[in-house]
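Trainee: Before we start, here is the structure in question, set down as C-alpha cells.
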4 protein chains.
Amino acid sequence: MGGFFGVASKTDCTTDVFYGTDYHSHLGTMRGGLAVIGDAGPIRFIHDITNAQFRSKFEHDISRMKGAYGIGIISDYEDQPLIIGSHLGTYAIVTVGVIQNLDALTQVAYGKRTTHFSEMSGGRINPTELVATLINRESSFVKGLRSAQEQIQGSCSILLLTPEGLYAARDRLGRTPIVIGSKPGAHAVAMESSAFPNLGYEISRFLGPGEIVKVTGSRVQQMQAPGREMQVCSFLWVYYGYPSSTYENINVEVARNRCGAALARRDQSQVDLVAGIPDSGTSHAIGYANEAGVPFGRPFVKYTPTWPRSFMPQVQDHRDLIARMKLIPVKEMISGQRLLFCEDSIVRGTQLQDIIQRLYDYGAREVHMRPACPPLIYGCKFLNFSRSRSVMDLAGRRAIKELTGKDKPADKELKQYAQPCSGKHCAMVERIRKRLKLTTLQYQQLPDLVEAIGLPKEKLCTYCWDGAE
Amino acid sequence: MGGFFGVASKTDCTTDVFYGTDYHSHLGTMRGGLAVIGDAGPIRFIHDITNAQFRSKFEHDISRMKGAYGIGIISDYEDQPLIIGSHLGTYAIVTVGVIQNLDALTQVAYGKRTTHFSEMSGGRINPTELVATLINRESSFVKGLRSAQEQIQGSCSILLLTPEGLYAARDRLGRTPIVIGSKPGAHAVAMESSAFPNLGYEISRFLGPGEIVKVTGSRVQQMQAPGREMQVCSFLWVYYGYPSSTYENINVEVARNRCGAALARRDQSQVDLVAGIPDSGTSHAIGYANEAGVPFGRPFVKYTPTWPRSFMPQVQDHRDLIARMKLIPVKEMISGQRLLFCEDSIVRGTQLQDIIQRLYDYGAREVHMRPACPPLIYGCKFLNFSRSRSVMDLAGRRAIKELTGKDKPADKELKQYAQPCSGKHCAMVERIRKRLKLTTLQYQQLPDLVEAIGLPKEKLCTYCWDGAE
Amino acid sequence: MGGFFGVASKTDCTTDVFYGTDYHSHLGTMRGGLAVIGDAGPIRFIHDITNAQFRSKFEHDISRMKGAYGIGIISDYEDQPLIIGSHLGTYAIVTVGVIQNLDALTQVAYGKRTTHFSEMSGGRINPTELVATLINRESSFVKGLRSAQEQIQGSCSILLLTPEGLYAARDRLGRTPIVIGSKPGAHAVAMESSAFPNLGYEISRFLGPGEIVKVTGSRVQQMQAPGREMQVCSFLWVYYGYPSSTYENINVEVARNRCGAALARRDQSQVDLVAGIPDSGTSHAIGYANEAGVPFGRPFVKYTPTWPRSFMPQVQDHRDLIARMKLIPVKEMISGQRLLFCEDSIVRGTQLQDIIQRLYDYGAREVHMRPACPPLIYGCKFLNFSRSRSVMDLAGRRAIKELTGKDKPADKELKQYAQPCSGKHCAMVERIRKRLKLTTLQYQQLPDLVEAIGLPKEKLCTYCWDGAE
Amino acid sequence: MGGFFGVASKTDCTTDVFYGTDYHSHLGTMRGGLAVIGDAGPIRFIHDITNAQFRSKFEHDISRMKGAYGIGIISDYEDQPLIIGSHLGTYAIVTVGVIQNLDALTQVAYGKRTTHFSEMSGGRINPTELVATLINRESSFVKGLRSAQEQIQGSCSILLLTPEGLYAARDRLGRTPIVIGSKPGAHAVAMESSAFPNLGYEISRFLGPGEIVKVTGSRVQQMQAPGREMQVCSFLWVYYGYPSSTYENINVEVARNRCGAALARRDQSQVDLVAGIPDSGTSHAIGYANEAGVPFGRPFVKYTPTWPRSFMPQVQDHRDLIARMKLIPVKEMISGQRLLFCEDSIVRGTQLQDIIQRLYDYGAREVHMRPACPPLIYGCKFLNFSRSRSVMDLAGRRAIKELTGKDKPADKELKQYAQPCSGKHCAMVERIRKRLKLTTLQYQQLPDLVEAIGLPKEKLCTYCWDGAE
C-alpha cells in the first residue's frame with residue numbers, strides 16, 4: 001500500500017521527516033525515500049528496504065540533508081520521491097494509491113511524443129512519474145493536481161514539494177487518509193497520525209476527499225475544498241492501520257476493541273482463554289475478552305527483537321517461513337485448553353492452517369476462530385493490497401468454487417454468499433471451518449463492523465466484502 | 001547478560017545454530033558470533049550487532065559454514081566464540097556470566113609467563129579467553145571445566161565445541177539456566193527454551209547447578225552430576241527471560257500472569273483500565289486484569305516494525321530517546337481514564353517518569369503503578385545486568401539516600417528498608433511515588449513473588465531485593 | 001570526459017560489456033553504469049565510483065544481468081544509462097560530450113508543457129535525459145538521433161539500446177571517436193579500441209563524423225552516412241587516450257613516440273637522462289630518448305598498487321595530494337644528474353612546480369622540460385575537460401596576464417602569443433620557465449604535433465592551442 | 001611475503017602509519033592491519049584486502065585511531081597485528097617471514113599446558129601468536145626478542161609496539177630488510193624505504209642481521225648489535241622490491257638497470273625493439289636498451305586504472321585471467337617486428353607462454369627473451385614466496401624432469417643444471433625455449449647478477465638458483 005509523511009517548518013525539517021516517515025514502515029516493504037528542499041535545491045535519497053529497516057538505511061543520509069520543507073515515503077514497489085524538472089519549476093513528488101487506467105494515460109502521453117518516462121524498472125512505468133506528467137500539463141500546481149485527480153481512476157493521494165510550500169492532495173474519494181498535524185513553527189502531513197505524538201505534533205484536522213492544501217511553516221491554506229462523496233477504506237481499521245492512529249476522528253485501537261466486543265456479543269462459546277493471532281488480532285481479542293469476561297492470554301508470543309515486521313514479503317515461501325518463525329508457542333497456555341482466537345480477517349488461510357495445526361499438536365482441546373470482519377470475497381481494486389495475490393486464493397472464493405464449481409460466479413450469486421445468515425453464506429463458512437479444522441468459526445457481520453468503526457455505511461468502502469462500489 | 005545456543009547433530013547443524021542463536025537476541029546488544037566444527041576444522045564469524053539484527057549480519061556467512069556441531073552467542077561486550085589451540089586440541093568456546101575475580105586469576109596466569117592473552121580490546125582481557133586458560137591447565141576437557149568452575153567467583157556457564165562433541169557446563173550455582181532440547185538426529189543446548197519449538201526440538205531436560213554434559217548427535221552424556229545448592233536468578237521470570245521460555249519447568253509467561261494476579265489480590269483500587277508498560281509489563285498486566293475482572297487495554301502501542309529491541313543500548317541518552325520513540329500513546333484510551341499499569345520493576349524510574357508525565361498530558365485522571373517485584377536495593381554482582389549503571393541510580397536507593405542522607409547505609413538498615421510493610425519501606429515507596437507523581441504505587445511483596453515463580457525461596461537468588469546470598 | 005562501450009551479440013553480452021566498459025575507466029571518475037536488454041526488459045545498475053574501481057562496484061550486479069545487447073558508461077557527473085519509456089518504445093541511452101546550448105534546449109522543451117525531466121540532481125538537468133527528449137520528438141530512432149545531432153551545439157556521441165539493436169551515433173564533427181570491433185557472433189562499439197583485444201574483438205572500422213549505425217549480433221548497418229567535415233580532438237593522442245588505443249587508424253603510443261622524437265629533433269640539450277612525468281609523459285619520453293640516443297630512465301616511479309588512477313579527482317586539494325603521493329622519487333637517479341622530462345602538456349603547472357622542486361631537493365643538477373604540445377591558451381568548449389577549471393588557471397594564460405595585465409586580451413593578441421618563435425610566444429614561455437624554475441623549457445610546435453599525429457590539420461581540433469574553430 | 005611499517009612520533013602517528021603501510025601493498029594480497037598505542041590503550045583494525053585496496057578499507061578506521069606510536073602490516077595470510085596481554089604488559093606485534101619449525105615450537109608450547117593459541121583460522125596456528133609466546137617466556141622484551149630469534153628456524157622480522165616504544169628486530173640472517181627513516185619529531189621503521197620520501201622521512205640507517213632497536217619519538221637505541229653473517233634475499237632486487245626502494249644502500253631501479261645492461265653486454269642479437277614484460281621487467285629492459293643502443297618501447301601497456309596489483313591472487317585460474325586482462329597489446333608496435341623482452345624471472349612460464357603466443361598472433365617476426373636472473377631450480381624455504389606453488393611447477397625443474405625423468409634428482413645433478421654454460425644447463429634452457437616458442441632465450445648468469453646487485457656473494461641468498469645455503 002505505502003505511506004507518506006511531509007513537513008513544512010520554519011527551521012530544518014530533516015529529523016522530523018526521517019522519524020515521521022519511519023513511523024509509516026508497516027505500510028510497505030520494498031523501497032523508502034526522503035527528499036528535502038533547501039537553499040541547494042532538492043536533495044533526495046532512495047534505498048531498498050527489503051532486508052533492512054528504514055532508519056538503518058537513511059541514518060547516514062540525513063546528515064547530508066538540510067531544508068525547511070521535506071517529504072518521505074515508504075513505497076511498495078517504485079522508486080520515490082521523484083525530482084521533476086518542468087515548466088512549473090523543479091519539485092519532488094510522492095504518491096500512494098492505485099492508478100487503474102495507467103496504460104490508457106500512458107498512451108495519451110505517448111501520443112504527444114514530447115512526453116517520455118525515465119523512471120522505469122523492468123520496462124514498467126513509474127506511476128508517480130505519470131502523475132507528474134498529468135500535473136505538468138497545467139499552468140499551476142493546484143490546477144495540475146486537480147486535473148490529475150480528475151483523470152485518475154482508482155486512487156491517488158499526493159505530496160508535492162516545492163520551494164514555496166508543500167502541497168497535499170487526498171485522493172478524490174478519500175480512500176486513503178491524510179491528516180494534518182501542527183506544532184509551534186511547523187506543520188506535518190501524514191497518512192498515519194501515530195507519527196505525530198512522539199514528534200510533538202497534535203492532530204489539527206483531517207483532509208476531506210479530494211481536498212488540496214498548501215502547507216508552509218506558518219500556515220495551512222485550503223486550495224481545493226473537499227468533495228461530498230467519501231469511500232474511505234474500512235480495512236484500515238480492521239488491519240492496515242497502526243493501532244495508535246486515528247482516521248476521520250476514529251482511533252484504530254478503540255475501533256478494534258469495539259470489533260471484538262461486537263463479536264463477543266453474538267457469541268455463546270464456553271472457552272478458557274481468549275487470544276489474538278499476533279499482531280493485528282490482539283486488539284480485537286482484547287475487546288472480545290473484556291466484553292465476554294473471559295481471561296485474555298498469549299498462547300503465542302512474537303519474537304519482536306529480530307522478526308519485527310508486521311507486513312510480509314511478497315514471495316509466498318518466505319512469507320510462510322517468516323510467519324512461522326516469528327511466533328513462538330507457549331505450550332503451558334495451550335495444552336488442554338479451550339482457546340478462542342480473534343484474527344483480523346482470514347485472507348488465504350494457509351498460515352492460519354499451520355498455526356491451528358500446531359495448537360492441536362501442543363494439546364489444545366478446542367480452537368475457535370472469530371475474524372473481525374466478514375469473509376473477503378472481492379479483490380481490492382482501489383489500493384494495491386493484493387497485487388501479487390489472485391482473488392481466487394481468498395479463503396471465501398475458494399470455498400465458493402468448491403461449492404459451485406465456478407471460478408467466477410455471477411455477481412448476483414456472489415452477493416448471496418456475502419449475505420450473512422443466508423444458507424449459502426453458512427455453507428461457505430462451514431467449508432472454511434472444516435478446511436482449517438476449527439472447532440467453531442464465526443465471522444463478524446458487516447453491519448456490526450460498520451457500527452464498530454462508527455462511520456455511516458455510505459462513507460465506507462466495503463467492496464471486498466459486499467462488492468458495493 | 002548474553003545468551004548462547006549449541007547443536008550437536010548427525011547432519012549439518014548450521015541453520016539450526018543460526019536461528020537458535022538469533023532467538024537469544026533479546027539477551028545482548030553488542031556482539032554476535034557463530035562457530036561450527038566440520039571436516040575443515042572450526043569455522044567462525046563474529047559481528048558487531050549494535051546497529052543491526054543478528055540475522056542480517058550472519059545470513060551471508062552461513063553459506064560458508066558446514067559442520068555437524070556448532071555454537072552461537074549473543075554477547076554483551078567481548079568477541080565470542082573464541083577458537084583456542086591447546087594441548088587438549090583445538091576447540092571453540094563461549095561463556096555467559098560474570099567473573100568477579102578476573103584480575104586475580106589474570107595475575108596467577110601471568111605468574112606463569114607462559115600464558116598470554118590475545119583477545120584484548122582496549123587493553124582489557126576477554127574473560128572467555130581467561131576461562132580457556134583455566135581449562136587448558138588440566139588433562140581433559142571435563143577436568144578443565146570442573147576446575148574452571150571451582151576457581152571462578154561469580155557465575156560462568158560454558159559451551160565448549162570440539163570435534164568429538166559439544167560440552168555444556170552450567171555455572172556452579174545455576175544462576176543462569178541451561179536446557180537440553182532433542183529431536184530425531186540432533187540435540188540442542190540453549191539458555192532460552194523458546195528457541196526450540198520452531199526448530200523442531202522438544203525440551204528434554206534442564207541441567208542442574210554445576211552439571212556438565214557432553215552432547216553428540218546421538219546422545220547426551222552426563223560428565224559431572226549437578227550440585228545440591230541452587231541460586232537461579234529470579235529476575236529471569238520477572239524481566240530478562242522471553243515469555244515463551246521455560247526454566248526449571250516453570251514457564252515465564254505463566255509465572256508473569258501469576259505475578260500480576262498476586263498484585264491484584266492485594267489491591268482494592270477502582271480503575272477503568274489495566275495495562276502493561278510494554279513489553280515486559282504486558283504479561284504481568286494480563287494476569288492482573290484477568291484476576292481483578294477489570295478491562296485490559298493498550299494506552300501505549302509499541303512501534304515494533306522498526307523499533308524492535310526490547311533491550312536498551314548502553315548509552316543512557318540513546319536509551320531514553322529510544323524508550324520514548326518506540327512507544328506511541330493512544331490518546332483515546334488515556335483521556336479521562338483511571339489507569340493502572342503493571343511494570344516489571346522500576347529500575348531507575350527516569351523513563352517511567354517521562355511516560356507518566358505524558359499520560360497526564362494526554363488527560364489521564366489517575367495513574368496507578370504496580371511493579372511485579374519488590375524495590376531493587378542491591379546491585380547484582382552475579383550477572384552483568386548493571387555494568388554501566390551505578391547502584392545509586394536505583395530508584396529505591398535514591399529514595400533511601402534522600403531519607404537517610406547516606407550513600408551506603410549499614411547493611412542492617414538496608415535490610416529494614418527491604419522489609420515490606422515496615423515503616424521504612426513505606427517511607428521509601430512514598431518517596432518514589434511522589435517523584436513519579438503516581439496516584440498510588442504498590443510493589444509486589446517478595447513472598448508473593450517467590451510463590452508466583454513457584455520454586456522454594458532457597459533455590460532462588462533474591463539478592464537484588466533482600467541482599468540474601 | 002567519459003567513455004562508453006556497447007555490445008550486440010548472438011548470446012549473452014554481459015561479461016563483455018562489463019570488462020569493455022571497465023577499460024574506459026581512465027576517462028571518468030564519478031559514475032559508472034551498465035544496462036542490458038533481455039527477455040525481461042532492460043536491467044540497469046548505476047554506482048558511484050569516486051572511491052572504488054568500476055569492477056568492484058559492479059561485480060555482484062552482473063550475475064543479475066542477462067541479455068544479448070548491452071551498453072556501459074564511465075560518466076563524469078550524471079547518472080547513466082537512463083531507461084526511457086517513449087512512443088518509440090522503451091530504450092536505454094548513454095551520451096558523451098558537452099551540450100553548450102543545454103539551457104536553450106531545456107526552455108524549448110518546457111515550452112511544450114508536456115515535457116518534464118526526472119533525472120535531476122541538485123536542480124540540474126541530466127543532459128542525457130534532454131537528448132532523449134530530442135530523439136523522442138521524431139517518428140523513428142534514426143530520425144531522432146539525426147535531429148538531436150542537428151540541434152545540439154558542442155558535441156554528443158550516443159549509444160542507444162533497444163530490443164531490436166544497438167544504435168551508435170558519433171557526434172556531428174567527430175570530436176570524440178567511435179570504433180566498431182567484431183568477433184564471431186558479436187559486434188562491439190567503443191570509444192577506446194584498447195577495450196577490444198583482450199575480449200577477442202578486432203577493429204572492424206572507425207565511424208565517421210555524424211555517422212549512425214545500427215548493430216545487431218549479425219551485422220552492422222549504416223543508417224546515416226558520415227559528414228565530410230571532421231574536428232577530432234588532438235588531445236586524445238597527446239593525453240586523454242589510452243596508449244594501446246587507435247583512432248582514425250592512428251595508434252596513441254606510436255603517435256606519442258613520434259611526438260617525443262619531434263621534440264628531440266629540435267633540441268640540442270646535453271643531458272644525462274630522459275624521463276617522462278608519469279603516466280602520460282612516458283610515451284613521449286621514450287620517443288625522445290630513442291631519437292636522441294640519450295638513456296631513458298625513471299627518476300620517479302608511480303605506486304600503482306594502490307594509487308591506480310591516471311585521472312584526477314575534481315577537488316584540487318585532493319588532486320594535489322594524490323599527485324604527490326602516487327609518485328615516489330628514486331634519489332639515486334636524480335642526485336647530480338642533468339634530467340630532461342617530457343610531459344603531455346603543462347596545464348596549470350602547480351603539480352609540476354612541486355615535482356620540479358623535489359628534483360632540486362634531491363640534488364638534480366639541471367631540469368629540462370619538453371611538453372608534447374604547444375602551450376594551452378584557450379579553454380576547451382567542445383568536451384568537458386575543464387568544467388571545474390578556469391581558463392585563467394592555464395599556465396599560458398597566467399603568463400600572458402602577467403605580461404599584458406589583461407585577463408581577456410583581444411583574440412588577435414592571443415593568436416600572437418600562440419605563434420611559435422614569435423617574440424610574444426617566447427616571452428610567455430620564458431615566464432613559465434622562470435615560475436617553474438626550469439633550466440630550459442621548449443614546447444612542441446603545432447605543425448610538428450600535427451605531423452606527429454598524422455592527420456591533415458583541417459581534420460583536427462587544435463582550438464586549445466591556436467583558437468581555430 | 002608481507003611487509004610492515006611502524007612509526008614512533010612525538011605527536012599522533014596515525015596518518016604516517018596509514019600511508020606508510022599502504023606503500024607496502026605490493027608485498028601481500030590477503031590481509032591488512034593497523035594498530036596504535038595511545039592513552040586509551042592499543043587500538044587495532046584488521047581487514048581482508050583480497051578484493052579492495054588497503055586505503056579504502058582503513059580510511060574510516062583512522063579517524064578512530066590516536067596515538068604517538070603505531071604499526072601496520074600487509075600480511076599474506078594471517079590476521080595481524082595481534083594485541084597480546086602478558087606478564088610483560090600489553091603490546092601489539094607484527095611479523096614477516098617463515099617459521100620452518102612452527103610445529104615443533106607449538107609442541108613445546110603445548111607441553112607446558114599453560115600456553116594456548118586463540119588466533120586460529122581453520123585449525124592453523126597464527127605464527128605471530130607463536131612468536132609472542134616465545135617472547136613472553138623471558139623477563140624483558142629484548143631478551144624475549146633475542147630468544148625468539150634464536151629458536152626460530154627460517155626467518156622472522158618483528159615489530160613490537162609498547163607504550164614505552166617501538167621495538168624492531170630484523171631476522172637473524174637479515175633475509176628481509178629493515179630500514180630506519182627519520183624526520184624532525186619522528187622515526188619510522190619500514191621494509192620498503194620507498195615509503196619514506198612522500199611522508200617526509202629520510203633514510204637514517206639500515207638494520208643489520210639480527211639487530212634489535214628500540215625507537216621512540218626522540219631516539220633510536222640499539223638493544224642488540226647486528227650479527228656478522230648475512231643472507232639477504234637477492235630476489236628483492238630482481239622482483240619483489242619496489243623500484244624506488246633501497247636495501248643495504250643499493251637502490252632497486254638502479255640495480256635492475258644494471259641487470260639489463262649486463263644481459264645486453266653478453267648479447268649479440270639484432271632486434272628492432274627492447275621491451276619489458278610489465279611491471280617488473282620494465283626496469284631491466286630500460287637498462288638493456290640503454291646499454292645496447294636499441295630503441296626501448298611498449299608493445300604491451302598495463303591497464304593500471306583498474307588492474308593495479310603487481311602481485312597475483314593465490315588461485316591460479318584467477319591469476320591467469322588477471323595476467324591476461326591487465327596487459328593490452330599495441331598491435332602497431334608488434335606487427336612485423338623483431339622484439340626482445342626482459343623479464344624478472346620465468347617462474348612457471350605459463351602466463352609467458354600465453355603472452356608470447358599473442359605476440360605471434362599480432363604478427364611479431366621474432367621474440368627473444370632475457371630473464372634478469374638464472375633459472376629458478378630450488379623452491380624458497382626462507383620466505384613464503386612459494387607457499388601455494390610446487391617446486392615442480394618451476395620451468396627449470398619441469399625441463400630437468402623431462403630430461404632426466406626424475407622429480408627429485410640428486411642435489412649434485414641439480415647443481416650441474418644450475419651451472420651456466422654447462423651442457424646440462426644449455427639443454428635445460430633449450431627445453432624451456434622450445435616450450436615457450438621463443439626465437440632465442442638467454443638467462444642472466446649468476447656472477448653477473450651478483451655484480452649487478454653489488455654485494456659480496458656471501459652476503460646474498462642465492463638458494464633458489466644454486467642451492468647454496
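Simple scheme: letters A, B, ... for chains in C-alpha cells order, numbers from 1 for residues in each chain, numbers from 1 for ligands in the order shown.
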Show me, as a list in words, the residues that have an atom within 6 Å of C:Gly28 when counting only C-alpha atoms, minus same-chain residues fewer than 6 positions from it.
Mentor: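 My list of contacting residues is Gly2, Ile74, Ser75 and Asp76 of chain C.
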Trainee: Using 8 Å as the limit and counting only C-alpha atoms, can you tabulate each residue of chain B that touches chain A, with its shortest atom-to-atom distance in Å and the two atoms involved, as a tab-separated table?
Mentor:
```
residue	atom	partner	partner_atom	distance
B:Asp22	CA	A:Thr306	CA	7.4
B:Tyr23	CA	A:Tyr303	CA	7.5
B:Ser25	CA	A:Pro305	CA	6.5
B:His26	CA	A:Pro305	CA	6.0
B:Asn51	CA	A:Ser56	CA	7.4
B:Ala52	CA	A:Ser56	CA	7.7
B:Gln53	CA	A:Thr306	CA	5.9
B:Phe54	CA	A:Thr306	CA	7.3
B:Arg55	CA	A:Thr306	CA	7.5
B:Ser56	CA	A:Asn51	CA	7.5
B:Ser194	CA	A:Ile328	CA	6.7
B:Pro197	CA	A:Ile328	CA	7.1
B:Asn198	CA	A:Met325	CA	6.0
B:Pro243	CA	A:Val301	CA	6.9
B:Ser244	CA	A:Val330	CA	5.0
B:Ser245	CA	A:Val330	CA	7.7
B:Asn251	CA	A:Glu332	CA	7.0
B:Glu253	CA	A:Val330	CA	7.7
B:Val254	CA	A:Glu332	CA	7.4
B:Ile286	CA	A:Phe296	CA	6.7
B:Asn290	CA	A:Pro295	CA	5.2
B:Gly293	CA	A:Gly293	CA	7.1
B:Val294	CA	A:Asn290	CA	7.7
B:Pro295	CA	A:Asn290	CA	5.2
B:Phe296	CA	A:Ile286	CA	6.7
B:Gly297	CA	A:Ile286	CA	6.7
B:Arg298	CA	A:Glu253	CA	7.9
B:Phe300	CA	A:Ser244	CA	7.6
B:Val301	CA	A:Ser244	CA	6.4
B:Tyr303	CA	A:Tyr23	CA	7.4
B:Thr304	CA	A:Pro308	CA	5.6
B:Pro305	CA	A:Arg309	CA	4.7
B:Thr306	CA	A:Gln53	CA	5.9
B:Trp307	CA	A:Pro308	CA	8.0
B:Pro308	CA	A:Pro305	CA	4.8
B:Arg309	CA	A:Pro305	CA	4.7
B:Ser310	CA	A:Pro305	CA	6.3
B:Arg324	CA	A:Asn198	CA	7.2
B:Met325	CA	A:Asn198	CA	6.0
B:Ile328	CA	A:Ser244	CA	6.4
B:Pro329	CA	A:Ser244	CA	6.5
B:Val330	CA	A:Ser244	CA	5.0
B:Glu332	CA	A:Asn251	CA	6.9
B:Met333	CA	A:Val254	CA	7.4
```
Trainee: So which one's closest to D:Cys342, D:Lys415, D:Arg256, D:Arg397, D:Lys10? Using only C-alpha atoms, please.
Mentor: D:Arg256
Trainee: Between D:Val347, D:Leu383, D:Leu273, D:Ala264, which has the minimum distance to D:Gly3 (counting only C-alpha atoms)?
Mentor: D:Leu383
Trainee: May I ask for the distance between atom CA of D:Arg175 and atom CA of D:Ser155, given in Å to one decimal place?
Mentor: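 About the pair atom CA of D:Arg175 and atom CA of D:Ser155: they are 6.8 Å apart.
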